[in-house]
Every structure is written in structure tokens, then in C-alpha cells.
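A.B. asks: One structure, as C-alpha cells, below. Some questions next.
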Amino acid sequence: MMDPKLTIDVPPQVREFAQKSVDQAERAISSFMDSAAKSVGMVPGPMTDVAKHALAITEKNLKVSFEHAKQLMQAKDIGEVMRLQSDFLRNQFGIATEQLKKTTDEAAAAPKDISKEEPDLI
């Protein structure tokens, strides 16, 4: 049996309100990210691919964070919250490491790409 001090007693109305708030925030962020992606796509240039990649990384991180928030709202006790948080941080560390490597590789390749497209700039 679980220690009653460790359970999370959140009224269903509060969970429902929180869920609606997260859903609304997720839609607003999604709309913002769509606009940002369109904006980046309108201005061709040597750094466009890097900007698109940065937006893709940001969008992926936001989606994972919203999913994490939804899972936390359903947690029944502190142990589940701690497990969810630990899993989230572990996964985010792995994702961040992978994203940093890709971004570094792309940033290192960008000057080479620029010199091919615009030899007078370099």
C-alpha cells in the first residue's frame, strides 16, 4: 500500500482545466512555429537550412515537453512524478546530445556551402 502522504489528490476539474490549458498553449505554439517556418522559407539564403533545422529541433523539443506535461497531469503519486521526470530528463539529454552534434556538423558545413554559392563573399 502506498503512503497516503505521497499520493496526489487533484480534483478532476483541476486536471481537466490544466489539460485544456496545455492543449491551448500547444495549439498557440504550433501556430507560432508554423508562421516562423513559413517566414524562414520566404527568405532564401545560405543560412536558411540552418534556420529550418533550428526550428525543427525547437518544434520537436516543444512536442516532447507538451507530452511530458500531459503525462505529469495524470500522475497519481510523487513516485510516478519522479519516474516521469527522470525519464524525461534522461531522454532529453540524449536528444540534446544528438541535436547538438547535428547542429555542429551543419554549422561547420555552412561556410563551405556559402563559399560555393557566393564566392565573392569569402
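To be explicit about the labels: the chains of the C-alpha cells are called A, B, and onward in the order shown, and within each one the residues are counted from 1, while ligands get numbers from 1 in the order they are shown.
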If we count only C-alpha atoms and set the cut-off at 12 Å, which residues sit around range 102-107 of chain A, ignoring sequence neighbours fewer than 6 positions away in its own chain? Please answer as a VMD selection string.

C.D. replies: chain A and resid 46 to 57 95 to 96 113 to 114

A.B. asks: Can you spit out the residues from that selection as a CSV table (one decimal), in the first residue's frame, using C-alpha atoms?

C.D. replies:
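Below is the file selection23.csv, written as the result:
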chain,number,residue,atom,x,y,z
A,46,PRO,CA,22.9,30.4,-47.2
A,47,MET,CA,21.7,30.1,-43.6
A,48,THR,CA,18.1,29.1,-44.5
A,49,ASP,CA,18.8,25.4,-44.0
A,50,VAL,CA,20.4,26.1,-40.6
A,51,ALA,CA,17.4,28.1,-39.5
A,52,LYS,CA,15.0,25.4,-40.7
A,53,HIS,CA,16.9,22.8,-38.8
A,54,ALA,CA,16.9,25.0,-35.6
A,55,LEU,CA,13.1,25.4,-36.0
A,56,ALA,CA,12.7,21.7,-36.5
A,57,ILE,CA,14.7,21.0,-33.3
A,95,ILE,CA,18.1,14.1,-27.7
A,96,ALA,CA,20.0,17.3,-26.9
A,113,ASP,CA,28.2,25.9,-48.7
A,114,ILE,CA,28.3,29.7,-48.6

A.B. asks: Sort by chain and increasing residue number a table of all residues of range 5-78 of chain A within 8 Å of range 84-91 of chain A, each with its closest pair of atoms and their distance in Å to one decimal, counting only C-alpha atoms, and write it as a Markdown table.

C.D. replies:
| residue | atom | partner | partner_atom | distance |
| --- | --- | --- | --- | --- |
| A:His68 | CA | A:Phe88 | CA | 7.0 |
| A:Gln71 | CA | A:Leu84 | CA | 7.6 |
| A:Leu72 | CA | A:Leu84 | CA | 7.0 |

A.B. asks: Could you please determine the separation between CA of Gln24 in chain A and CA of Thr7 in chain A in Å, to one decimal place?

C.D. replies: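 Calculated distance between CA of Gln24 in chain A and CA of Thr7 in chain A is 27.5 Å.
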
A.B. asks: Take CA of Val43 in chain A and CA of Glu98 in chain A and report the distance between them in Å, one decimal.

C.D. replies: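 For CA of Val43 in chain A relative to CA of Glu98 in chain A, the distance reads 27.4 Å.
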
A.B. asks: If you run DSSP on this backbone, which residues of chain A come out as helix (DSSP H, G or I), and could you give them as number ranges by chain?

C.D. replies: A: 4-6, 12-42, 48-73, 78-117, 119-121

A.B. asks: In Å, how far is it from CA of Phe32 in chain A to CA of Thr58 in chain A?

C.D. replies: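 Distance between the two atoms: 11.5 Å.
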